$ cat coords23.cif   # mmCIF, C-alpha atoms and all ligand atoms
data_data
loop_
_atom_site.group_PDB
_atom_site.id
_atom_site.type_symbol
_atom_site.label_atom_id
_atom_site.label_comp_id
_atom_site.auth_asym_id
_atom_site.auth_seq_id
_atom_site.Cartn_x
_atom_site.Cartn_y
_atom_site.Cartn_z
ATOM 1 C CA MET A 1 0.000 0.000 0.000
ATOM 2 C CA SER A 2 1.306 3.420 -0.914
ATOM 3 C CA LEU A 3 1.955 6.085 1.689
ATOM 4 C CA PHE A 4 -0.021 8.608 -0.355
ATOM 5 C CA SER A 5 -2.201 7.990 -3.402
ATOM 6 C CA LEU A 6 -3.727 10.738 -5.468
ATOM 7 C CA ARG A 7 -6.449 9.639 -7.851
ATOM 8 C CA GLY A 8 -7.680 12.067 -10.486
ATOM 9 C CA VAL A 9 -7.124 15.044 -8.211
ATOM 10 C CA SER A 10 -8.147 18.471 -9.484
ATOM 11 C CA ARG A 11 -8.286 21.702 -7.518
ATOM 12 C CA GLU A 12 -9.960 24.749 -8.922
ATOM 13 C CA TYR A 13 -10.049 28.180 -7.361
ATOM 14 C CA VAL A 14 -12.781 30.551 -8.395
ATOM 15 C CA ARG A 15 -12.131 34.238 -7.826
ATOM 16 C CA GLU A 16 -14.181 37.070 -9.217
ATOM 17 C CA GLY A 17 -15.755 34.762 -11.758
ATOM 18 C CA ARG A 18 -12.416 33.457 -13.016
ATOM 19 C CA THR A 19 -11.425 29.848 -12.504
ATOM 20 C CA THR A 20 -7.811 28.809 -11.928
ATOM 21 C CA ARG A 21 -7.117 25.119 -12.197
ATOM 22 C CA ALA A 22 -4.205 24.743 -9.795
ATOM 23 C CA LEU A 23 -4.220 20.940 -10.161
ATOM 24 C CA ASP A 24 -5.632 19.164 -13.159
ATOM 25 C CA ASP A 25 -6.380 15.437 -12.937
ATOM 26 C CA VAL A 26 -3.271 14.406 -11.027
ATOM 27 C CA SER A 27 -2.743 10.743 -10.188
ATOM 28 C CA LEU A 28 0.344 9.823 -8.205
ATOM 29 C CA ASP A 29 1.506 7.136 -5.773
ATOM 30 C CA ILE A 30 4.140 8.049 -3.222
ATOM 31 C CA GLU A 31 5.755 5.030 -1.625
ATOM 32 C CA GLU A 32 6.861 4.654 1.968
ATOM 33 C CA GLY A 33 10.601 5.277 2.364
ATOM 34 C CA THR A 34 11.025 7.183 -0.887
ATOM 35 C CA GLN A 35 12.500 10.623 -1.404
ATOM 36 C CA LEU A 36 10.365 12.458 -3.910
ATOM 37 C CA GLY A 37 11.156 15.803 -5.446
ATOM 38 C CA ILE A 38 8.456 18.026 -6.930
ATOM 39 C CA VAL A 39 9.679 20.571 -9.466
ATOM 40 C CA GLY A 40 8.011 23.034 -11.786
ATOM 41 C CA GLU A 41 7.877 26.738 -12.518
ATOM 42 C CA SER A 42 6.200 29.248 -10.211
ATOM 43 C CA GLY A 43 2.420 28.815 -10.160
ATOM 44 C CA SER A 44 2.526 25.270 -11.563
ATOM 45 C CA GLY A 45 0.672 23.797 -8.561
ATOM 46 C CA LYS A 46 3.428 22.426 -6.302
ATOM 47 C CA THR A 47 2.222 23.966 -3.051
ATOM 48 C CA THR A 48 -1.362 23.064 -3.897
ATOM 49 C CA LEU A 49 -0.271 19.440 -4.319
ATOM 50 C CA ILE A 50 1.343 19.453 -0.869
ATOM 51 C CA ARG A 51 -1.724 21.027 0.688
ATOM 52 C CA MET A 52 -3.746 18.126 -0.721
ATOM 53 C CA LEU A 53 -1.393 15.541 0.833
ATOM 54 C CA THR A 54 -1.742 17.067 4.273
ATOM 55 C CA ALA A 55 -5.502 17.674 4.041
ATOM 56 C CA LEU A 56 -4.975 21.411 4.446
ATOM 57 C CA ASP A 57 -7.084 21.763 1.348
ATOM 58 C CA GLN A 58 -9.627 19.521 -0.355
ATOM 59 C CA PRO A 59 -9.698 18.523 -4.014
ATOM 60 C CA THR A 60 -12.483 19.826 -6.188
ATOM 61 C CA ARG A 61 -12.479 16.387 -7.818
ATOM 62 C CA GLY A 62 -10.685 13.134 -7.081
ATOM 63 C CA HIS A 63 -9.349 11.459 -3.947
ATOM 64 C CA VAL A 64 -6.292 11.614 -1.750
ATOM 65 C CA LEU A 65 -5.497 8.538 0.338
ATOM 66 C CA PHE A 66 -3.011 8.200 3.203
ATOM 67 C CA ARG A 67 -2.079 4.528 3.634
ATOM 68 C CA GLY A 68 -5.297 3.573 1.882
ATOM 69 C CA LYS A 69 -7.601 5.816 3.949
ATOM 70 C CA PRO A 70 -9.067 9.151 2.826
ATOM 71 C CA VAL A 71 -6.588 11.700 4.099
ATOM 72 C CA ALA A 72 -9.207 13.783 5.913
ATOM 73 C CA SER A 73 -10.859 10.757 7.546
ATOM 74 C CA ARG A 74 -11.028 10.094 11.262
ATOM 75 C CA GLU A 75 -8.720 7.068 10.833
ATOM 76 C CA ALA A 76 -6.069 8.899 8.855
ATOM 77 C CA ARG A 77 -5.905 12.261 10.610
ATOM 78 C CA PRO A 78 -4.318 11.285 13.950
ATOM 79 C CA VAL A 79 -1.679 9.119 12.251
ATOM 80 C CA LEU A 80 -0.957 11.870 9.771
ATOM 81 C CA ARG A 81 -0.607 14.368 12.598
ATOM 82 C CA SER A 82 1.781 12.217 14.614
ATOM 83 C CA GLN A 83 3.985 10.903 11.789
ATOM 84 C CA VAL A 84 3.991 13.556 9.096
ATOM 85 C CA GLN A 85 5.640 16.945 9.567
ATOM 86 C CA VAL A 86 5.471 19.821 7.138
ATOM 87 C CA VAL A 87 7.840 22.730 6.549
ATOM 88 C CA PHE A 88 5.857 25.452 4.842
ATOM 89 C CA GLN A 89 7.109 27.688 2.091
ATOM 90 C CA ASP A 90 6.749 30.873 4.103
ATOM 91 C CA PRO A 91 7.968 30.446 7.694
ATOM 92 C CA ARG A 92 6.810 33.951 8.641
ATOM 93 C CA SER A 93 3.211 32.853 8.594
ATOM 94 C CA SER A 94 3.804 29.476 10.269
ATOM 95 C CA LEU A 95 5.795 30.589 13.347
ATOM 96 C CA ASP A 96 3.712 31.995 16.169
ATOM 97 C CA PRO A 97 5.151 35.476 16.869
ATOM 98 C CA ARG A 98 4.144 35.325 20.547
ATOM 99 C CA MET A 99 6.135 32.179 21.314
ATOM 100 C CA THR A 100 9.843 31.854 22.036
ATOM 101 C CA VAL A 101 11.806 29.701 19.644
ATOM 102 C CA ARG A 102 12.277 27.068 22.323
ATOM 103 C CA ARG A 103 8.535 26.827 22.706
ATOM 104 C CA ILE A 104 7.870 26.787 18.996
ATOM 105 C CA VAL A 105 10.321 23.967 18.387
ATOM 106 C CA THR A 106 9.255 21.858 21.371
ATOM 107 C CA GLU A 107 5.509 22.404 20.901
ATOM 108 C CA PRO A 108 5.094 19.268 18.734
ATOM 109 C CA LEU A 109 6.736 17.218 21.511
ATOM 110 C CA ARG A 110 4.045 17.947 24.064
ATOM 111 C CA SER A 111 1.026 15.784 24.425
ATOM 112 C CA HIS A 112 -2.163 17.503 23.389
ATOM 113 C CA LEU A 113 -3.007 17.796 27.092
ATOM 114 C CA LEU A 114 0.042 19.976 27.653
ATOM 115 C CA ARG A 115 -0.321 22.143 24.551
ATOM 116 C CA GLY A 116 -0.776 25.779 25.297
ATOM 117 C CA ARG A 117 0.828 25.468 28.733
ATOM 118 C CA SER A 118 4.204 26.992 29.325
ATOM 119 C CA ASP A 119 6.014 24.010 30.877
ATOM 120 C CA ILE A 120 8.271 22.084 28.561
ATOM 121 C CA PRO A 121 8.911 18.370 29.246
ATOM 122 C CA ALA A 122 12.438 17.787 30.575
ATOM 123 C CA ASP A 123 13.638 15.561 27.720
ATOM 124 C CA ALA A 124 12.369 18.118 25.192
ATOM 125 C CA HIS A 125 15.204 20.470 26.164
ATOM 126 C CA ALA A 126 17.803 17.936 25.003
ATOM 127 C CA ARG A 127 15.882 17.395 21.777
ATOM 128 C CA PHE A 128 15.750 21.154 21.271
ATOM 129 C CA ASP A 129 19.558 21.371 21.490
ATOM 130 C CA ASP A 130 19.930 18.477 19.009
ATOM 131 C CA VAL A 131 17.630 19.848 16.317
ATOM 132 C CA MET A 132 18.964 23.403 16.653
ATOM 133 C CA ASP A 133 22.483 22.012 16.167
ATOM 134 C CA ALA A 134 21.280 20.037 13.167
ATOM 135 C CA VAL A 135 20.104 23.182 11.397
ATOM 136 C CA GLY A 136 23.114 25.249 12.451
ATOM 137 C CA LEU A 137 21.452 27.473 15.041
ATOM 138 C CA ASP A 138 22.796 28.164 18.517
ATOM 139 C CA PRO A 139 20.473 26.612 21.118
ATOM 140 C CA GLU A 140 21.294 29.626 23.309
ATOM 141 C CA MET A 141 18.920 31.593 21.060
ATOM 142 C CA GLY A 142 15.952 29.673 22.430
ATOM 143 C CA SER A 143 14.585 32.581 24.448
ATOM 144 C CA ARG A 144 14.245 34.832 21.402
ATOM 145 C CA TYR A 145 11.116 35.435 19.340
ATOM 146 C CA PRO A 146 10.707 34.796 15.580
ATOM 147 C CA HIS A 147 10.903 38.490 14.614
ATOM 148 C CA GLU A 148 14.421 38.617 16.061
ATOM 149 C CA PHE A 149 15.688 36.261 13.350
ATOM 150 C CA SER A 150 16.517 36.637 9.678
ATOM 151 C CA GLY A 151 14.379 34.949 7.023
ATOM 152 C CA GLY A 152 16.906 32.140 6.582
ATOM 153 C CA GLN A 153 17.116 31.596 10.339
ATOM 154 C CA ARG A 154 13.326 31.448 10.586
ATOM 155 C CA GLN A 155 13.325 28.847 7.842
ATOM 156 C CA ARG A 156 15.779 26.800 9.896
ATOM 157 C CA ILE A 157 13.600 27.168 13.001
ATOM 158 C CA ALA A 158 10.705 25.765 10.966
ATOM 159 C CA ILE A 159 12.873 22.815 9.900
ATOM 160 C CA ALA A 160 14.035 22.240 13.490
ATOM 161 C CA ARG A 161 10.422 22.206 14.661
ATOM 162 C CA ALA A 162 9.516 19.671 11.971
ATOM 163 C CA LEU A 163 12.408 17.385 12.932
ATOM 164 C CA ALA A 164 11.832 17.590 16.706
ATOM 165 C CA PRO A 165 9.142 14.879 16.972
ATOM 166 C CA LYS A 166 11.199 12.466 14.775
ATOM 167 C CA PRO A 167 8.603 12.190 12.021
ATOM 168 C CA SER A 168 8.629 9.241 9.633
ATOM 169 C CA VAL A 169 7.553 11.556 6.805
ATOM 170 C CA LEU A 170 8.823 15.067 6.177
ATOM 171 C CA ILE A 171 7.176 17.277 3.582
ATOM 172 C CA ALA A 172 9.070 20.460 2.835
ATOM 173 C CA ASP A 173 8.116 23.283 0.484
ATOM 174 C CA GLU A 174 11.259 25.118 -0.686
ATOM 175 C CA PRO A 175 13.056 24.287 2.579
ATOM 176 C CA VAL A 176 16.456 25.728 1.692
ATOM 177 C CA SER A 177 15.733 28.405 -0.903
ATOM 178 C CA ALA A 178 16.282 31.220 1.613
ATOM 179 C CA LEU A 179 19.576 29.790 2.907
ATOM 180 C CA ASP A 180 23.100 30.571 1.843
ATOM 181 C CA VAL A 181 25.297 27.866 0.374
ATOM 182 C CA SER A 182 27.055 26.647 3.528
ATOM 183 C CA VAL A 183 23.916 26.477 5.676
ATOM 184 C CA ARG A 184 22.044 24.925 2.770
ATOM 185 C CA ALA A 185 24.665 22.181 2.637
ATOM 186 C CA GLN A 186 24.347 21.547 6.352
ATOM 187 C CA VAL A 187 20.542 21.308 6.221
ATOM 188 C CA LEU A 188 20.628 19.064 3.143
ATOM 189 C CA ASN A 189 23.198 16.821 4.795
ATOM 190 C CA THR A 190 21.012 16.630 7.876
ATOM 191 C CA LEU A 191 18.105 15.513 5.691
ATOM 192 C CA THR A 192 20.120 12.908 3.783
ATOM 193 C CA GLY A 193 21.548 11.671 7.112
ATOM 194 C CA LEU A 194 18.013 11.184 8.439
ATOM 195 C CA VAL A 195 16.971 9.385 5.289
ATOM 196 C CA ARG A 196 19.825 6.943 5.787
ATOM 197 C CA SER A 197 19.653 6.485 9.547
ATOM 198 C CA GLN A 198 15.905 6.625 10.124
ATOM 199 C CA ASP A 199 14.337 5.676 6.818
ATOM 200 C CA LEU A 200 12.745 9.103 6.562
ATOM 201 C CA THR A 201 10.292 9.514 3.719
ATOM 202 C CA LEU A 202 10.959 12.884 2.167
ATOM 203 C CA ILE A 203 8.749 14.950 -0.140
ATOM 204 C CA VAL A 204 10.535 18.110 -1.207
ATOM 205 C CA VAL A 205 9.357 20.959 -3.379
ATOM 206 C CA SER A 206 12.174 23.007 -4.837
ATOM 207 C CA HIS A 207 12.761 25.149 -7.853
ATOM 208 C CA ASP A 208 16.452 24.285 -7.442
ATOM 209 C CA LEU A 209 16.996 21.023 -9.310
ATOM 210 C CA GLY A 210 20.406 20.699 -7.647
ATOM 211 C CA VAL A 211 18.648 20.404 -4.282
ATOM 212 C CA ILE A 212 16.297 17.739 -5.635
ATOM 213 C CA ARG A 213 19.210 15.895 -7.214
ATOM 214 C CA HIS A 214 21.024 15.944 -3.874
ATOM 215 C CA VAL A 215 18.256 14.545 -1.664
ATOM 216 C CA CYS A 216 15.707 12.801 -3.907
ATOM 217 C CA GLU A 217 15.708 9.511 -5.788
ATOM 218 C CA GLN A 218 12.398 10.170 -7.539
ATOM 219 C CA VAL A 219 11.098 13.303 -9.190
ATOM 220 C CA VAL A 220 7.822 14.554 -10.661
ATOM 221 C CA VAL A 221 7.715 17.556 -12.946
ATOM 222 C CA VAL A 222 4.579 19.688 -12.681
ATOM 223 C CA ARG A 223 3.360 22.089 -15.320
ATOM 224 C CA ARG A 224 0.083 23.991 -15.225
ATOM 225 C CA GLY A 225 -1.343 21.632 -12.643
ATOM 226 C CA ARG A 226 -0.393 18.449 -14.458
ATOM 227 C CA ILE A 227 2.416 15.955 -13.987
ATOM 228 C CA VAL A 228 4.278 16.042 -17.291
ATOM 229 C CA GLU A 229 7.224 13.843 -16.418
ATOM 230 C CA ARG A 230 8.232 11.462 -13.632
ATOM 231 C CA GLY A 231 10.931 8.949 -12.862
ATOM 232 C CA GLY A 232 14.290 8.489 -11.180
ATOM 233 C CA ALA A 233 15.822 11.910 -10.472
ATOM 234 C CA VAL A 234 19.186 11.035 -12.008
ATOM 235 C CA GLU A 235 17.616 9.737 -15.249
ATOM 236 C CA VAL A 236 15.068 12.522 -15.596
ATOM 237 C CA PHE A 237 17.699 15.241 -15.202
ATOM 238 C CA ALA A 238 20.256 13.473 -17.379
ATOM 239 C CA ASN A 239 17.790 12.615 -20.103
ATOM 240 C CA PRO A 240 14.620 14.718 -19.890
ATOM 241 C CA GLN A 241 11.868 13.549 -22.224
ATOM 242 C CA GLN A 242 9.776 16.715 -22.230
ATOM 243 C CA SER A 243 10.908 20.042 -23.612
ATOM 244 C CA TYR A 244 9.541 21.696 -20.443
ATOM 245 C CA THR A 245 11.827 19.550 -18.265
ATOM 246 C CA ARG A 246 14.733 20.258 -20.601
ATOM 247 C CA GLU A 247 14.123 23.967 -20.145
ATOM 248 C CA LEU A 248 14.104 23.585 -16.353
ATOM 249 C CA VAL A 249 17.360 21.641 -16.489
ATOM 250 C CA GLN A 250 18.933 24.170 -18.834
ATOM 251 C CA ALA A 251 17.848 27.026 -16.578
ATOM 252 C CA MET A 252 19.961 25.614 -13.760
ATOM 253 C CA PRO A 253 23.016 27.735 -13.043
ATOM 254 C CA VAL A 254 25.225 24.642 -12.707
ATOM 255 C CA LEU A 255 24.795 21.227 -14.260
ATOM 256 C CA PRO A 256 22.837 18.787 -12.089
ATOM 257 C CA GLY A 257 25.241 16.726 -10.049
ATOM 258 C CA ARG A 258 27.879 19.430 -9.932
ATOM 259 C CA THR A 259 25.637 21.541 -7.713
ATOM 260 C CA SER A 260 24.991 18.622 -5.434
ATOM 261 C CA MET A 261 28.697 17.837 -5.217
ATOM 262 C CA ARG A 262 29.364 21.376 -4.202
ATOM 263 C CA THR A 263 26.589 21.622 -1.650
ATOM 264 C CA GLY A 264 27.798 18.403 -0.038
ATOM 265 C CA GLU A 265 31.409 19.446 0.365
ATOM 266 C CA GLY A 266 32.946 20.110 3.714
ATOM 267 C CA ALA A 267 29.683 20.422 5.601
ATOM 268 C CA ALA A 268 29.162 18.900 8.981
ATOM 269 C CA SER A 269 26.773 16.000 8.837
ATOM 270 C CA ALA A 270 24.548 15.999 11.872
ATOM 271 C CA GLU A 271 22.595 12.991 13.034
ATOM 272 C CA VAL A 272 19.434 13.999 14.840
HETATM 273 N N1 LIG B 301 -6.128 30.254 -2.423
HETATM 274 C C1 LIG B 301 -6.011 30.469 -3.744
HETATM 275 N N2 LIG B 301 -6.928 31.212 -4.421
HETATM 276 C C2 LIG B 301 -6.827 31.411 -5.723
HETATM 277 N N3 LIG B 301 -5.847 30.924 -6.516
HETATM 278 C C3 LIG B 301 -4.900 30.184 -5.912
HETATM 279 C C4 LIG B 301 -4.921 29.910 -4.486
HETATM 280 N N4 LIG B 301 -3.856 29.150 -4.193
HETATM 281 C C5 LIG B 301 -3.187 28.946 -5.342
HETATM 282 N N5 LIG B 301 -3.815 29.562 -6.384
HETATM 283 C C6 LIG B 301 -3.378 29.539 -7.784
HETATM 284 O O1 LIG B 301 -3.121 28.189 -8.147
HETATM 285 C C7 LIG B 301 -1.970 28.101 -8.967
HETATM 286 C C8 LIG B 301 -0.948 27.169 -8.341
HETATM 287 O O2 LIG B 301 -0.470 27.749 -7.141
HETATM 288 P P1 LIG B 301 0.650 27.069 -6.240
HETATM 289 O O3 LIG B 301 0.788 27.915 -5.022
HETATM 290 O O4 LIG B 301 0.307 25.652 -6.044
HETATM 291 O O5 LIG B 301 1.946 27.195 -7.176
HETATM 292 P P2 LIG B 301 3.464 26.795 -6.885
HETATM 293 O O6 LIG B 301 3.870 25.818 -7.915
HETATM 294 O O7 LIG B 301 3.612 26.397 -5.455
HETATM 295 O O8 LIG B 301 4.230 28.182 -7.145
HETATM 296 P P3 LIG B 301 5.539 28.815 -6.431
HETATM 297 O O9 LIG B 301 6.726 28.076 -6.987
HETATM 298 O O10 LIG B 301 5.518 30.231 -6.853
HETATM 299 O O11 LIG B 301 5.391 28.641 -4.958
HETATM 300 C C9 LIG B 301 -1.475 29.528 -9.167
HETATM 301 O O12 LIG B 301 -1.978 30.012 -10.386
HETATM 302 C C10 LIG B 301 -2.080 30.271 -7.994
HETATM 303 O O13 LIG B 301 -2.291 31.623 -8.316
HETATM 304 MG MG MG B 302 4.607 27.183 -3.862
#
$ encode --input "coords23.cif" --output "C-alpha cells"
Amino acid sequence: MSLFSLRGVSREYVREGRTTRALDDVSLDIEEGTQLGIVGESGSGKTTLIRMLTALDQPTRGHVLFRGKPVASREARPVLRSQVQVVFQDPRSSLDPRMTVRRIVTEPLRSHLLRGRSDIPADAHARFDDVMDAVGLDPEMGSRYPHEFSGGQRQRIAIARALAPKPSVLIADEPVSALDVSVRAQVLNTLTGLVRSQDLTLIVVSHDLGVIRHVCEQVVVVRRGRIVERGGAVEVFANPQQSYTRELVQAMPVLPGRTSMRTGEGAASAEV
C-alpha cells in the first residue's frame, strides 16, 4: 500500500468569476521510504499538491489517500498528525510570533493535554539542542522570538520544529531556498543523514533542481497543474523527455550533479 495515493485530483479556485485550475487530474503514488522531489515553474501547482497531501485543502475532484484511507478521515488524521511533519514555504506565517523559539520547536513534543501550557517536558530540552544544532542554530537563542531572526534563520527554526518529533515523513516546500550555500549544505546533509539512519520519507518541493538531485531519488515535474514527467531523479535530469523539463534543467546555473557535489562538500553531517 502506498503512503499517499492521489487519484484524479483536481483543484480549482474561483475568484471574481475566473477559474484557476491549480491541479488538473493528477494521479500519483508516493511510496513509503522514498524521497520524492516536486519541481516546476512558479504557479505550476506544487504547493497546492502538498496542501492536498496534508488535508490542508480539499480537491475539487478526485481522492487523496493516506495509507489507503481518505486523508481527511477520522482514521487517517491522527496518524498523519503524529507521523507527518510539514515545513511550509513561508515560515513567517507558520511561526507563532508570541512564542519563544524554544517553545515553537518543542511544541510538537508535548502531548495535546500539555499544549498551550508553558512548561516544557524535561527531555524536550535535550531534543531542542539536538535539532537546533542540526540546522546550524545556537540553542542559546531559544529565548528569542521569531521576529528577532533573519528569514533564513526562521526557515531553519521551521525545519528544526519539523524534525523535533522524529517524524517518519517530512514534507518540505522550498526548505532551503532562503539559505546561503554553507547552511544549505548543512541542512541538506542533515536531511540525507536522516533518510539513511531513520528511513525518513521525504517529499521536497524546490525550484532548485540541484537540491532535488542531492536529496531525492524520484522526481515529478509539474506544469500547469499536471504531472508532465516522472521517474528516477538522475535519469530525468540526465535525459529529460519533455521540452519543459529540458528547459528547467537548462535554466539551472550549474549542471545537475555538480551543484549537489558542491553543496555536499565540507559540511558537517549531523545525526538527529
Ligand atoms: N487560495 C487560492 N486562491 C486562488 N488561486 C490560488 C490559491 N492558491 C493557489 N492559487 C493559484 O493556483 C496556482 C498554483 O499555485 P501554487 O501555489 O500551487 O503554485 P506553486 O507551484 O507552489 O508556485 P511557487 O513556486 O511560486 O510557490 C497559481 O496560479 C495560484 O495563483
Ligand atoms: Mg509554492
$ closest_residue --input "coords23.cif" --among "A:Ile30, A:Ala164, A:Ile50, A:Val71" --to "ligand LIG 301 (chain B)" --atoms "only C-alpha atoms and all ligand atoms"
A:Ile50
$ resolve_selection --input "coords23.cif" --expression "the PyMOL selection byres (((not hetatm)) within 10 of (chain B and resi 301))" --output "PyMOL selection string"
chain A and resi 11-16+18-23+38-51+57+89-90+173-174+205-207+222-225
$ resolve_selection --input "coords23.cif" --expression "the PyMOL selection byres (((chain A and resi 203) around 7) and not hetatm)" --output "number ranges by chain"
A: 35-37, 170-172, 201-202, 204-205
$ resolve_selection --input "coords23.cif" --expression "the PyMOL selection byres (((chain A and resi 101) around 8) and not hetatm)" --output "list in words"
Met99, Thr100, Arg102, Arg103, Ile104, Val105, Met141, Gly142, Ser143, Arg144, Tyr145, Pro146 and Ile157 of chain A
$ axis_aligned_box --input "coords23.cif" --around "stretch 18-29 of chain A" --padding-each-side "4 Å" --output "JSON"
{"center_x": -5.5, "center_y": 20.3, "center_z": -9.5, "size_x": 21.9, "size_y": 34.3, "size_z": 15.4}
$ closest_residue --input "coords23.cif" --among "A:Thr106, A:Ser93, A:Gln186, A:Gln242" --to "A:Val221" --atoms "only C-alpha atoms"
A:Gln242
$ atom_distance --input "coords23.cif" --atom1 "atom CA of A:Val219" --atom2 "atom CA of A:Ser73"
27.7 Å
$ atom_distance --input "coords23.cif" --atom1 "atom CA of A:Gln58" --atom2 "atom CA of A:Val9"
9.4 Å
$ closest_residue --input "coords23.cif" --among "A:Asp130, A:Phe149, A:Thr192, A:Phe88" --to "ligand MG 302 (chain B)" --atoms "only C-alpha atoms and all ligand atoms"
A:Phe88
$ residues_around --input "coords23.cif" --residues "stretch 159-161 of chain A" --least-positions-apart "5" --cutoff "9 Å" --atoms "only C-alpha atoms" --output "VMD selection string"
chain A and resid 85 to 87 104 to 108 128 130 to 135 154 172 175 187
$ closest_residue --input "coords23.cif" --among "A:Ala233, A:Thr245, A:Val183, A:Asp96" --to "A:Arg156" --atoms "only C-alpha atoms"
A:Val183
$ decode --input "coords23.cif" --residues "stretch 83-90 of chain A" --atoms "all heavy atoms" --output "compact mmCIF listing (two decimals), in the first residue's frame"
# COMPACT_ATOMS: atom_id res chain seq x y z
N GLN A 83 2.83 11.44 12.54
CA GLN A 83 3.98 10.90 11.79
C GLN A 83 4.47 11.78 10.65
O GLN A 83 5.55 11.56 10.12
CB GLN A 83 3.62 9.51 11.23
CG GLN A 83 3.39 8.51 12.33
CD GLN A 83 3.04 7.14 11.80
OE1 GLN A 83 3.16 6.87 10.62
NE2 GLN A 83 2.61 6.27 12.68
N VAL A 84 3.63 12.73 10.25
CA VAL A 84 3.99 13.56 9.10
C VAL A 84 4.21 14.99 9.56
O VAL A 84 3.36 15.57 10.23
CB VAL A 84 2.86 13.52 8.03
CG1 VAL A 84 3.23 14.38 6.83
CG2 VAL A 84 2.58 12.08 7.60
N GLN A 85 5.36 15.54 9.24
CA GLN A 85 5.64 16.94 9.57
C GLN A 85 5.83 17.74 8.27
O GLN A 85 6.32 17.20 7.28
CB GLN A 85 6.91 17.06 10.41
CG GLN A 85 6.71 16.59 11.86
CD GLN A 85 5.81 17.52 12.66
OE1 GLN A 85 5.90 18.75 12.56
NE2 GLN A 85 4.92 16.94 13.46
N VAL A 86 5.42 18.99 8.33
CA VAL A 86 5.47 19.82 7.14
C VAL A 86 6.28 21.09 7.42
O VAL A 86 6.11 21.71 8.46
CB VAL A 86 4.04 20.23 6.69
CG1 VAL A 86 4.09 20.93 5.34
CG2 VAL A 86 3.12 19.03 6.63
N VAL A 87 7.17 21.43 6.50
CA VAL A 87 7.84 22.73 6.55
C VAL A 87 7.22 23.57 5.44
O VAL A 87 7.32 23.22 4.26
CB VAL A 87 9.36 22.60 6.31
CG1 VAL A 87 10.02 23.97 6.34
CG2 VAL A 87 9.98 21.68 7.35
N PHE A 88 6.57 24.65 5.83
CA PHE A 88 5.86 25.45 4.84
C PHE A 88 6.79 26.40 4.10
O PHE A 88 7.88 26.71 4.57
CB PHE A 88 4.73 26.23 5.51
CG PHE A 88 3.66 25.33 6.06
CD1 PHE A 88 3.65 24.97 7.40
CD2 PHE A 88 2.70 24.80 5.21
CE1 PHE A 88 2.68 24.11 7.89
CE2 PHE A 88 1.73 23.95 5.71
CZ PHE A 88 1.72 23.60 7.05
N GLN A 89 6.30 26.84 2.97
CA GLN A 89 7.11 27.69 2.09
C GLN A 89 7.47 29.01 2.76
O GLN A 89 8.57 29.51 2.60
CB GLN A 89 6.33 27.94 0.80
CG GLN A 89 7.13 28.61 -0.29
CD GLN A 89 6.42 28.52 -1.65
OE1 GLN A 89 5.27 28.10 -1.73
NE2 GLN A 89 7.11 28.90 -2.69
N ASP A 90 6.52 29.57 3.51
CA ASP A 90 6.75 30.87 4.10
C ASP A 90 6.74 30.78 5.62
O ASP A 90 5.69 30.78 6.25
CB ASP A 90 5.65 31.84 3.64
CG ASP A 90 5.82 33.21 4.25
OD1 ASP A 90 6.84 33.44 4.92
OD2 ASP A 90 4.93 34.05 4.05
